[in-house]
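Shown here: coords.csv, CSV, C-alpha atoms and all ligand atoms.
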```csv
chain,number,residue,atom,x,y,z
A,1,MET,CA,14.2,2.8,-27.4
A,2,ALA,CA,16.8,3.9,-29.8
A,3,ASN,CA,20.1,2.0,-30.1
A,4,MET,CA,19.0,-1.1,-28.1
A,5,ARG,CA,19.2,-4.6,-29.4
A,6,PRO,CA,16.0,-6.6,-29.3
A,7,GLY,CA,15.6,-8.4,-26.0
A,8,GLU,CA,18.3,-6.3,-24.3
A,9,PRO,CA,16.8,-5.2,-20.9
A,10,PRO,CA,16.9,-1.4,-20.2
A,11,ILE,CA,19.2,-0.4,-17.4
A,12,ARG,CA,17.6,1.5,-14.5
A,13,LEU,CA,19.3,4.9,-14.4
A,14,ALA,CA,18.9,7.6,-11.7
A,15,ALA,CA,17.0,10.7,-13.0
A,16,TRP,CA,20.1,12.9,-12.6
A,17,GLN,CA,22.3,10.7,-14.8
A,18,LEU,CA,21.3,12.8,-17.8
A,19,TRP,CA,24.5,12.2,-19.7
A,20,LEU,CA,24.0,8.4,-20.0
A,21,ASP,CA,22.0,6.7,-22.7
A,22,ARG,CA,19.5,4.0,-22.0
A,23,ARG,CA,22.3,1.4,-22.0
A,24,GLY,CA,24.1,3.3,-19.3
A,25,ARG,CA,26.8,4.5,-21.6
A,26,LEU,CA,28.1,8.1,-21.9
A,27,SER,CA,26.2,9.8,-24.7
A,28,TRP,CA,28.0,12.8,-26.3
A,29,LEU,CA,24.7,13.9,-27.8
A,30,ARG,CA,23.2,14.1,-24.4
A,31,VAL,CA,26.3,15.9,-23.0
A,32,ALA,CA,26.0,18.4,-25.9
A,33,ALA,CA,22.2,18.9,-25.2
A,34,LEU,CA,22.9,19.4,-21.5
A,35,ALA,CA,25.7,21.9,-22.2
A,36,LEU,CA,23.3,23.8,-24.6
A,37,LEU,CA,20.7,23.9,-21.8
A,38,LEU,CA,23.2,25.2,-19.3
A,39,LEU,CA,24.7,27.9,-21.6
A,40,PRO,CA,22.2,30.7,-20.7
A,41,LEU,CA,22.8,29.9,-17.0
A,42,ALA,CA,26.6,30.2,-17.5
A,43,LYS,CA,26.1,33.4,-19.5
A,44,ALA,CA,24.0,34.9,-16.6
A,45,LEU,CA,26.7,34.0,-14.1
A,46,TYR,CA,29.3,35.6,-16.4
A,47,ASP,CA,27.2,38.7,-16.6
A,48,ALA,CA,26.4,38.6,-12.8
A,49,GLY,CA,28.3,41.9,-12.1
A,50,ALA,CA,26.5,43.8,-14.9
A,51,ILE,CA,23.2,42.3,-13.9
A,52,ALA,CA,23.6,43.2,-10.2
A,53,HIS,CA,24.6,46.8,-11.1
A,54,GLY,CA,21.8,47.2,-13.6
A,55,ALA,CA,18.6,49.2,-12.9
A,56,ARG,CA,16.4,46.1,-12.3
A,57,PRO,CA,18.4,42.9,-11.8
A,58,LEU,CA,15.4,40.7,-11.2
A,59,ASN,CA,13.6,42.0,-14.3
A,60,ASP,CA,16.8,41.4,-16.3
A,61,LEU,CA,16.8,37.7,-15.2
A,62,ILE,CA,13.0,37.4,-15.9
A,63,HIS,CA,13.7,38.5,-19.5
A,64,ARG,CA,16.6,36.1,-19.9
A,65,ALA,CA,14.7,33.1,-18.5
A,66,GLY,CA,11.6,33.9,-20.6
A,67,PHE,CA,13.7,34.4,-23.8
A,68,TRP,CA,15.6,31.2,-23.3
A,69,ALA,CA,12.5,29.2,-22.5
A,70,LEU,CA,11.1,30.3,-25.9
A,71,VAL,CA,14.3,29.5,-27.6
A,72,PHE,CA,14.4,26.0,-26.1
A,73,LEU,CA,10.8,25.4,-26.9
A,74,GLY,CA,11.7,26.1,-30.6
A,75,VAL,CA,14.8,23.8,-30.3
A,76,THR,CA,12.5,21.0,-28.9
A,77,LEU,CA,10.1,21.5,-31.8
A,78,ALA,CA,13.0,21.5,-34.3
A,79,VAL,CA,14.1,17.9,-33.3
A,80,THR,CA,11.6,16.1,-35.5
A,81,PRO,CA,12.3,18.1,-38.7
A,82,PHE,CA,16.0,18.1,-38.2
A,83,ARG,CA,16.5,14.4,-37.4
A,84,ARG,CA,15.0,13.9,-40.9
A,85,ILE,CA,16.7,16.8,-42.7
A,86,ALA,CA,20.1,15.9,-41.2
A,87,ARG,CA,19.4,12.1,-41.5
A,88,TYR,CA,20.3,11.9,-37.8
A,89,GLY,CA,17.5,9.8,-36.1
A,90,ASN,CA,19.4,9.7,-32.8
A,91,LEU,CA,18.4,13.3,-32.2
A,92,ILE,CA,15.2,12.0,-30.8
A,93,GLU,CA,17.2,10.8,-27.7
A,94,VAL,CA,17.5,14.4,-26.4
A,95,ARG,CA,14.0,15.7,-27.2
A,96,ARG,CA,12.6,14.9,-23.8
A,97,MET,CA,15.7,16.5,-22.1
A,98,LEU,CA,15.2,19.7,-24.2
A,99,GLY,CA,11.5,19.8,-23.4
A,100,VAL,CA,12.0,19.4,-19.6
A,101,GLY,CA,14.9,21.9,-19.8
A,102,THR,CA,12.4,24.4,-21.4
A,103,PHE,CA,10.1,23.9,-18.5
A,104,CYS,CA,12.9,24.5,-16.0
A,105,TYR,CA,13.6,27.9,-17.6
A,106,ILE,CA,9.9,28.7,-17.6
A,107,ALA,CA,9.6,27.7,-13.9
A,108,ALA,CA,12.5,30.0,-13.1
A,109,HIS,CA,10.8,32.7,-15.2
A,110,LEU,CA,7.7,32.5,-12.9
A,111,ALA,CA,9.8,32.1,-9.7
A,112,LEU,CA,11.8,35.2,-10.6
A,113,TYR,CA,8.6,37.1,-11.3
A,114,ILE,CA,7.3,36.1,-7.8
A,115,ALA,CA,10.6,37.3,-6.3
A,116,ASP,CA,10.3,40.6,-8.2
A,117,GLN,CA,6.8,41.1,-6.6
A,118,SER,CA,8.5,40.6,-3.1
A,119,TYR,CA,6.9,37.2,-2.7
A,120,ASP,CA,3.5,38.9,-2.3
A,121,LEU,CA,1.4,36.0,-3.7
A,122,ALA,CA,-1.9,38.0,-3.5
A,123,LYS,CA,-0.3,40.7,-5.7
A,124,VAL,CA,1.1,38.1,-8.1
A,125,TRP,CA,-2.4,36.6,-8.4
A,126,HIS,CA,-4.0,40.0,-8.9
A,127,GLU,CA,-1.4,40.9,-11.6
A,128,ILE,CA,-1.7,37.6,-13.4
A,129,THR,CA,-5.5,37.8,-13.5
A,130,HIS,CA,-5.6,41.5,-14.5
A,131,ARG,CA,-2.9,41.9,-17.2
A,132,ALA,CA,-3.6,40.5,-20.6
A,133,TYR,CA,0.0,39.5,-21.4
A,134,LEU,CA,0.3,37.7,-18.0
A,135,ILE,CA,-3.0,35.8,-18.5
A,136,VAL,CA,-1.6,34.6,-21.9
A,137,GLY,CA,1.7,33.7,-20.3
A,138,ALA,CA,0.0,31.9,-17.4
A,139,VAL,CA,-2.1,29.7,-19.7
A,140,ALA,CA,1.1,28.8,-21.7
A,141,TRP,CA,2.9,28.1,-18.4
A,142,LEU,CA,0.2,25.7,-17.2
A,143,GLY,CA,0.3,24.0,-20.6
A,144,LEU,CA,4.1,23.5,-20.3
A,145,ALA,CA,3.7,22.2,-16.8
A,146,ALA,CA,1.2,19.6,-17.9
A,147,LEU,CA,3.5,18.5,-20.7
A,148,ALA,CA,6.5,18.3,-18.3
A,149,ALA,CA,4.5,16.3,-15.8
A,150,THR,CA,3.4,13.8,-18.4
A,151,SER,CA,6.9,13.4,-20.0
A,152,THR,CA,8.0,10.4,-17.9
A,153,ASP,CA,8.0,6.8,-19.2
A,154,GLY,CA,5.4,5.9,-16.5
A,155,MET,CA,3.0,8.7,-17.6
A,156,MET,CA,3.5,7.7,-21.3
A,157,ARG,CA,2.5,4.1,-20.4
A,158,ARG,CA,-0.5,5.2,-18.3
A,159,LEU,CA,-1.9,7.6,-21.0
A,160,GLY,CA,-1.2,5.2,-23.9
A,161,PRO,CA,0.6,6.4,-27.1
A,162,LEU,CA,-2.5,7.9,-28.8
A,163,ARG,CA,-3.7,10.0,-25.8
A,164,TRP,CA,-0.1,11.0,-25.0
A,165,ARG,CA,0.6,12.1,-28.5
A,166,ARG,CA,-2.7,14.1,-28.6
A,167,LEU,CA,-1.9,15.8,-25.3
A,168,HIS,CA,1.6,16.7,-26.4
A,169,GLN,CA,0.3,18.2,-29.7
A,170,ALA,CA,-0.8,21.1,-27.4
A,171,ILE,CA,2.9,22.2,-27.7
A,172,TYR,CA,1.9,24.1,-30.9
A,173,ALA,CA,-0.8,26.1,-29.1
A,174,ILE,CA,1.6,26.7,-26.2
A,175,ALA,CA,4.3,28.0,-28.6
A,176,LEU,CA,1.7,30.4,-30.1
A,177,LEU,CA,0.7,31.7,-26.7
A,178,GLY,CA,4.3,32.1,-25.7
A,179,LEU,CA,4.9,34.2,-28.9
A,180,ILE,CA,1.8,36.3,-28.3
A,181,HIS,CA,3.0,36.9,-24.7
A,182,TYR,CA,6.4,37.9,-26.2
A,183,PHE,CA,4.8,40.4,-28.6
A,184,GLN,CA,2.5,41.8,-26.0
A,185,GLN,CA,5.3,42.9,-23.7
A,186,THR,CA,7.7,44.1,-26.4
A,187,ARG,CA,7.4,47.9,-26.5
A,188,ALA,CA,9.7,49.2,-29.3
A,189,ASP,CA,11.7,47.0,-31.7
A,190,VAL,CA,9.8,43.9,-32.8
A,191,THR,CA,12.6,42.5,-35.0
A,192,VAL,CA,13.5,39.6,-32.7
A,193,PRO,CA,9.9,38.6,-31.9
A,194,VAL,CA,9.0,38.7,-35.6
A,195,PHE,CA,12.1,36.5,-36.4
A,196,ALA,CA,11.0,34.1,-33.7
A,197,ALA,CA,7.4,34.0,-35.1
A,198,GLY,CA,8.9,33.3,-38.5
A,199,LEU,CA,10.9,30.3,-37.3
A,200,PHE,CA,7.9,28.9,-35.4
A,201,THR,CA,5.9,29.3,-38.6
A,202,TRP,CA,8.5,27.3,-40.4
A,203,LEU,CA,8.4,24.5,-37.8
A,204,ILE,CA,4.6,24.3,-38.0
A,205,GLY,CA,4.7,24.7,-41.8
A,206,TYR,CA,7.1,21.7,-42.1
A,207,ARG,CA,4.7,19.5,-40.2
A,208,LEU,CA,1.6,20.7,-42.1
A,209,LEU,CA,3.4,20.2,-45.5
A,210,ALA,CA,4.6,16.7,-44.5
A,211,TRP,CA,1.0,15.8,-43.4
A,212,ARG,CA,-0.4,17.2,-46.6
A,213,GLN,CA,2.1,15.3,-48.8
A,214,ASP,CA,1.5,12.2,-46.6
A,215,THR,CA,5.2,11.7,-46.1
A,216,SER,CA,7.6,11.8,-43.2
A,217,GLU,CA,10.4,13.4,-45.2
A,218,LEU,CA,10.0,16.5,-47.4
A,219,SER,CA,12.0,16.8,-50.6
A,220,THR,CA,14.7,19.5,-50.9
A,221,MET,CA,12.5,21.4,-53.4
A,222,SER,CA,9.6,21.4,-50.9
A,223,LEU,CA,11.9,22.8,-48.2
A,224,VAL,CA,12.9,25.6,-50.7
A,225,TRP,CA,9.3,26.4,-51.3
A,226,LEU,CA,8.6,26.3,-47.5
A,227,ALA,CA,11.4,28.8,-46.9
A,228,VAL,CA,10.1,31.2,-49.5
A,229,ALA,CA,6.5,30.9,-48.3
A,230,VAL,CA,7.4,31.4,-44.7
A,231,SER,CA,9.7,34.3,-45.5
A,232,ALA,CA,6.8,36.0,-47.5
A,233,LEU,CA,4.4,35.4,-44.5
A,234,THR,CA,7.0,36.9,-42.1
A,235,PHE,CA,7.3,40.1,-44.3
A,236,ALA,CA,3.5,40.3,-44.6
A,237,GLY,CA,2.9,39.7,-40.9
A,238,GLU,CA,5.5,42.3,-39.9
A,239,ALA,CA,4.2,44.9,-42.3
A,240,ILE,CA,0.6,44.4,-41.2
A,241,GLY,CA,1.5,44.4,-37.5
A,242,ILE,CA,3.6,47.6,-37.8
A,243,GLY,CA,1.0,49.1,-40.1
A,244,ILE,CA,-1.8,48.6,-37.5
A,245,ALA,CA,0.4,49.6,-34.5
A,246,PHE,CA,1.6,52.9,-36.1
A,247,GLY,CA,-1.3,53.7,-38.4
A,248,VAL,CA,0.8,53.5,-41.6
A,249,SER,CA,0.2,51.6,-44.8
A,250,PRO,CA,1.7,48.1,-44.7
A,251,LEU,CA,2.9,48.7,-48.3
A,252,ARG,CA,5.1,51.5,-47.0
A,253,VAL,CA,6.5,49.2,-44.4
A,254,LEU,CA,7.2,46.6,-47.1
A,255,GLU,CA,9.1,49.2,-49.1
A,256,THR,CA,11.8,49.2,-46.3
A,257,ALA,CA,12.6,45.5,-46.9
A,258,PHE,CA,15.7,46.4,-49.0
A,259,ASP,CA,16.8,49.3,-46.7
A,260,VAL,CA,19.8,47.8,-45.0
A,261,ASP,CA,20.3,51.0,-43.0
A,262,ILE,CA,17.4,49.9,-40.7
A,263,GLY,CA,18.9,46.4,-40.4
A,264,ILE,CA,18.3,43.1,-42.2
A,265,ARG,CA,14.5,42.5,-41.8
A,266,PRO,CA,13.4,39.3,-40.1
A,267,GLY,CA,11.8,38.1,-43.4
A,268,TRP,CA,15.3,37.8,-44.9
A,269,GLN,CA,16.7,36.1,-41.8
A,270,VAL,CA,13.9,33.5,-41.9
A,271,LEU,CA,14.5,33.0,-45.6
A,272,ALA,CA,18.2,32.4,-44.9
A,273,ALA,CA,17.5,29.9,-42.1
A,274,GLY,CA,14.9,28.0,-44.3
A,275,LEU,CA,17.3,27.9,-47.3
A,276,ALA,CA,20.1,26.7,-44.9
A,277,ALA,CA,17.8,23.8,-43.9
A,278,ALA,CA,17.1,23.0,-47.6
A,279,ALA,CA,20.9,23.1,-48.3
A,280,LEU,CA,21.6,20.7,-45.4
A,281,ASP,CA,18.9,18.4,-46.8
A,282,ALA,CA,20.5,18.4,-50.2
A,283,LEU,CA,23.9,17.8,-48.8
A,284,ARG,CA,22.8,14.9,-46.5
A,285,SER,CA,20.7,13.3,-49.3
A,286,ARG,CA,23.9,13.1,-51.4
A,287,MET,CA,26.0,11.8,-48.5
A,288,ARG,CA,23.7,9.0,-47.6
A,289,LYS,CA,21.5,6.6,-49.5
A,290,PRO,CA,17.8,7.3,-48.8
A,291,GLN,CA,16.5,5.1,-45.9
A,292,ARG,CA,14.4,2.2,-47.1
A,293,ARG,CA,12.0,2.5,-44.2
A,294,PRO,CA,10.7,6.0,-43.5
A,295,VAL,CA,11.2,7.4,-40.0
A,296,ALA,CA,7.9,6.9,-38.1
A,297,ALA,CA,6.0,10.2,-37.6
A,298,GLU,CA,6.5,11.7,-34.2
B,301,LIG,C1,2.7,32.8,-15.2
B,301,LIG,C2,3.4,32.8,-16.3
B,301,LIG,C3,4.3,34.0,-16.7
B,301,LIG,C4,4.5,35.2,-16.1
B,301,LIG,C5,4.0,35.7,-14.8
B,301,LIG,C6,5.4,35.9,-17.0
B,301,LIG,C7,5.9,37.2,-16.7
B,301,LIG,C8,6.7,37.9,-17.6
B,301,LIG,C9,7.2,39.2,-17.3
B,301,LIG,C10,6.9,40.0,-16.1
B,301,LIG,C11,8.0,39.6,-18.3
B,301,LIG,C12,8.7,40.9,-18.5
B,301,LIG,C13,7.8,42.0,-18.9
B,301,LIG,C14,8.3,43.4,-18.8
B,301,LIG,O1,9.5,43.6,-18.4
B,301,LIG,O2,7.6,44.3,-19.1
B,301,LIG,C15,8.0,38.5,-19.3
B,301,LIG,C16,8.7,38.5,-20.5
B,301,LIG,C17,8.8,37.4,-21.3
B,301,LIG,N1,8.2,36.2,-21.1
B,301,LIG,FE1,6.9,35.7,-19.6
B,301,LIG,N2,5.7,35.1,-18.1
B,301,LIG,C18,5.0,34.0,-18.0
B,301,LIG,C19,5.0,32.9,-18.9
B,301,LIG,C20,5.8,32.8,-20.0
B,301,LIG,C21,5.8,31.7,-20.9
B,301,LIG,C22,5.0,30.4,-20.8
B,301,LIG,C23,6.7,32.0,-21.9
B,301,LIG,C24,7.2,31.2,-23.1
B,301,LIG,C25,6.8,30.1,-23.5
B,301,LIG,C26,7.2,33.4,-21.6
B,301,LIG,C27,8.2,34.0,-22.4
B,301,LIG,C28,8.5,35.3,-22.2
B,301,LIG,C29,9.4,36.1,-23.1
B,301,LIG,C30,10.0,35.5,-24.4
B,301,LIG,C31,9.6,37.3,-22.5
B,301,LIG,C32,10.4,38.5,-23.1
B,301,LIG,C33,11.9,38.2,-23.0
B,301,LIG,C34,12.7,39.2,-23.6
B,301,LIG,O3,12.4,40.4,-23.4
B,301,LIG,O4,13.7,38.9,-24.3
B,301,LIG,N3,6.6,33.8,-20.4
B,301,LIG,N4,7.2,37.5,-18.8
```
Show the structure stored in the file as structure tokens.
Amino acid sequence: MANMRPGEPPIRLAAWQLWLDRRGRLSWLRVAALALLLLPLAKALYDAGAIAHGARPLNDLIHRAGFWALVFLGVTLAVTPFRRIARYGNLIEVRRMLGVGTFCYIAAHLALYIADQSYDLAKVWHEITHRAYLIVGAVAWLGLAALAATSTDGMMRRLGPLRWRRLHQAIYAIALLGLIHYFQQTRADVTVPVFAAGLFTWLIGYRLLAWRQDTSELSTMSLVWLAVAVSALTFAGEAIGIGIAFGVSPLRVLETAFDVDIGIRPGWQVLAAGLAAAALDALRSRMRKPQRRPVAAE
């Protein structure tokens, strides 16, 4: 329990008092996380007219909910690296809220899909069990539901820290399935899914590197190497994927990396994001003395 003095009893808060910390005080960090989670909803309300007059309003909302669920899944996974990189341990306070928020969007994604099928549950079941991208999505959905259901303090106590942590490591497999589902239903431009895959690779790469180096904090230099390696993987993955899909040589796809006329490739975007994280680390390590006690691994 972050920010609590030893012996201080936790205050019982109602589940809806999301903006209060465990001491019952207003937490601006929680307010910011809540605002972030509500932003896509506000945007959908703002776009309501355009959505309603579009060709398939429900399909538009399905896409928005699925996209933001994946974004918030990434934000939830980013809490652990960024509390270390930004030297801001309190970020952990909002991880559960972000995870449950992710599930809310994914629950809306499925509910909207059911509505789009005119609430015909037999048809929904038939579609989900017969289309590869829906099977993958459904497995990821069930995984997220299991993690949301076990995210309460009571379930944490009941499962014990080790079993709880092992169960919640399924988040990486779920993220992978979510990405596969995203790729499977993307028909033309794969730029955004490839960028998302690059960012998820960075998030997993960070943990693998920290585990390999047996440390909880990576050095700025390691972060630079991670950015370069993940960027190279993103370029290679995109070139191989496009090569297979369109029957062209991946090397020819790679040749377009410097062609700005077709847009900045996701490999460069991932490199920029990774180097920004390394720059933040360098800045924060100069601003603050290194912590004597390393932050416990999540
Ligand atoms: C039973 C579970 C699920 C169902 C029935 C489902 C269904 C769908 C459908 C129908 C689409 C639109 C496809 C199209 O228009 O051709 C879609 C898109 C998408 N779904 Fe799912 N999905 C499920 C689970 C998930 C999960 C667990 C995730 C993420 C963790 C996810 C993320 C996405 C994303 C990112 C898109 C594309 C959004 C975009 O175009 O920007 N879905 N899904």
Which region 65-121 of chain A residues have any atom within 9 Å of an atom of region 163-187 of chain A, and for each, what is the nearest pair of atoms with distance in Å to one decimal, counting all atoms listed in the file, rows sorted by chain and number, as a tab-separated table?
```
residue	atom	partner	partner_atom	distance
A:Gly66	CA	A:Tyr182	CA	8.6
A:Phe67	CA	A:Tyr182	CA	8.4
A:Leu70	CA	A:Gly178	CA	7.0
A:Leu73	CA	A:Ala175	CA	7.2
A:Gly74	CA	A:Ala175	CA	7.9
A:Leu77	CA	A:Ile171	CA	8.3
```
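For the residues A:Ala15, A:Leu142, A:Leu34, A:Leu251, ranking by smallest atom-to-atom distance to ligand LIG 301 (chain B) using all atoms listed in the file places A:Leu142 first.
Shell of Phe195 (chain A) at 8 Å, with all atoms listed in the file counted and residues fewer than 4 places along the chain excluded, is Thr191, Leu199, Thr234, Pro266, Gly267, Gln269 and Val270 of chain A.
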Worksheet item: Do you have the CA of Ala210 (chain A)-CA of Ser151 (chain A) distance handy?
Response: 24.8 Å
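One finds CA of Ile264 (chain A) at 28.7 Å from CA of Ile51 (chain A).
If you count all atoms listed in the file and ignore residues fewer than 5 places along the chain from Ala227 (chain A), what sits within 9 Å of it is Trp202, Ser222, Ala232, Val270, Leu271, Ala272, Ala273, Gly274, Leu275, Ala277 and Ala278 of chain A.
Using only C-alpha atoms, the nearest neighbour of Thr76 (chain A) within the list A:Tyr113, A:Tyr88, A:Phe200, A:Trp28 is A:Phe200.
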Please write out, as JSON, where the centre of an axis-aligned box around all listed atoms of ligand LIG 301 (chain B) lies and how long its edges are, in Å to one decimal, after adding 4 Å on each side.
```
{"center_x": 8.2, "center_y": 37.2, "center_z": -19.6, "size_x": 19.0, "size_y": 22.2, "size_z": 17.6}
```
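Proximity of A:Arg12, A:Arg30, A:Arg25, A:Arg64 to ligand LIG 301 (chain B), computed with all atoms listed in the file, is greatest for A:Arg64.
Excluding Ala69 (chain A) and any residue on its chain fewer than 5 positions from it, the residues at most 8 Å away by all atoms listed in the file are Thr102, Phe103, Tyr105 and Ile106 of chain A.
Reported to one decimal place, the separation of CA of Val71 (chain A) from CA of Met156 (chain A) is 25.1 Å.
Counting all atoms listed in the file and comparing A:Val100, A:Ser27, A:Leu36, A:Val136, the residue that lies closest to ligand LIG 301 (chain B) is A:Val136.
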Worksheet entry | Residue nearest ligand LIG 301 (chain B) - candidates A:Ala257, A:Val139, A:Leu162, A:Ala239, atoms counted: all atoms listed in the file | A:Val139
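Distances to ligand LIG 301 (chain B) were evaluated for A:Ala55, A:Leu91, A:Ala122, A:Val192 using only C-alpha atoms and all ligand atoms, and the minimum falls at A:Val192.
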Worksheet entry | Test item: residues at most 10 Å from Ala282 (chain A), all atoms listed in the file, excluding those fewer than 2 positions along its chain, as a VMD selection string | chain A and resid 85 to 86 219 to 221 223 276 to 280 284 to 287
Show me that you can extract region 87-102 of chain A, keeping N, CA and C atoms, and write it as a PDB file, in the first residue's frame.
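Below is the file that was written, out.pdb:
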```pdb
ATOM      1  N   ARG A  87      11.230   7.455 -12.635  1.00  0.00           N
ATOM      2  CA  ARG A  87      11.478   7.516 -11.175  1.00  0.00           C
ATOM      3  C   ARG A  87      10.215   7.992 -10.460  1.00  0.00           C
ATOM      4  N   TYR A  88       9.076   7.411 -10.841  1.00  0.00           N
ATOM      5  CA  TYR A  88       7.800   7.820 -10.271  1.00  0.00           C
ATOM      6  C   TYR A  88       7.044   6.562  -9.813  1.00  0.00           C
ATOM      7  N   GLY A  89       7.453   6.056  -8.656  1.00  0.00           N
ATOM      8  CA  GLY A  89       6.918   4.800  -8.131  1.00  0.00           C
ATOM      9  C   GLY A  89       5.410   4.815  -7.924  1.00  0.00           C
ATOM     10  N   ASN A  90       4.839   6.026  -7.658  1.00  0.00           N
ATOM     11  CA  ASN A  90       3.400   6.107  -7.375  1.00  0.00           C
ATOM     12  C   ASN A  90       2.517   5.688  -8.543  1.00  0.00           C
ATOM     13  N   LEU A  91       3.117   5.619  -9.743  1.00  0.00           N
ATOM     14  CA  LEU A  91       2.337   5.206 -10.921  1.00  0.00           C
ATOM     15  C   LEU A  91       1.615   3.876 -10.680  1.00  0.00           C
ATOM     16  N   ILE A  92       2.215   3.044  -9.813  1.00  0.00           N
ATOM     17  CA  ILE A  92       1.640   1.722  -9.543  1.00  0.00           C
ATOM     18  C   ILE A  92       0.211   1.837  -9.001  1.00  0.00           C
ATOM     19  N   GLU A  93      -0.082   2.982  -8.375  1.00  0.00           N
ATOM     20  CA  GLU A  93      -1.422   3.213  -7.783  1.00  0.00           C
ATOM     21  C   GLU A  93      -2.545   3.131  -8.813  1.00  0.00           C
ATOM     22  N   VAL A  94      -2.221   3.424 -10.083  1.00  0.00           N
ATOM     23  CA  VAL A  94      -3.296   3.472 -11.088  1.00  0.00           C
ATOM     24  C   VAL A  94      -3.279   2.260 -12.025  1.00  0.00           C
ATOM     25  N   ARG A  95      -2.370   1.307 -11.761  1.00  0.00           N
ATOM     26  CA  ARG A  95      -2.272   0.177 -12.692  1.00  0.00           C
ATOM     27  C   ARG A  95      -3.561  -0.656 -12.711  1.00  0.00           C
ATOM     28  N   ARG A  96      -4.107  -0.899 -11.521  1.00  0.00           N
ATOM     29  CA  ARG A  96      -5.324  -1.709 -11.471  1.00  0.00           C
ATOM     30  C   ARG A  96      -6.481  -0.998 -12.189  1.00  0.00           C
ATOM     31  N   MET A  97      -6.586   0.313 -11.953  1.00  0.00           N
ATOM     32  CA  MET A  97      -7.651   1.074 -12.601  1.00  0.00           C
ATOM     33  C   MET A  97      -7.523   0.989 -14.132  1.00  0.00           C
ATOM     34  N   LEU A  98      -6.284   1.090 -14.619  1.00  0.00           N
ATOM     35  CA  LEU A  98      -6.063   1.020 -16.070  1.00  0.00           C
ATOM     36  C   LEU A  98      -6.410  -0.370 -16.611  1.00  0.00           C
ATOM     37  N   GLY A  99      -6.050  -1.404 -15.839  1.00  0.00           N
ATOM     38  CA  GLY A  99      -6.344  -2.784 -16.264  1.00  0.00           C
ATOM     39  C   GLY A  99      -7.849  -3.030 -16.310  1.00  0.00           C
ATOM     40  N   VAL A 100      -8.553  -2.585 -15.269  1.00  0.00           N
ATOM     41  CA  VAL A 100     -10.011  -2.793 -15.237  1.00  0.00           C
ATOM     42  C   VAL A 100     -10.674  -1.943 -16.333  1.00  0.00           C
ATOM     43  N   GLY A 101     -10.125  -0.733 -16.559  1.00  0.00           N
ATOM     44  CA  GLY A 101     -10.628   0.128 -17.637  1.00  0.00           C
ATOM     45  C   GLY A 101     -10.495  -0.570 -18.989  1.00  0.00           C
ATOM     46  N   THR A 102      -9.352  -1.242 -19.186  1.00  0.00           N
ATOM     47  CA  THR A 102      -9.133  -2.012 -20.423  1.00  0.00           C
ATOM     48  C   THR A 102     -10.256  -3.031 -20.600  1.00  0.00           C
TER      49      THR A 102
END
```
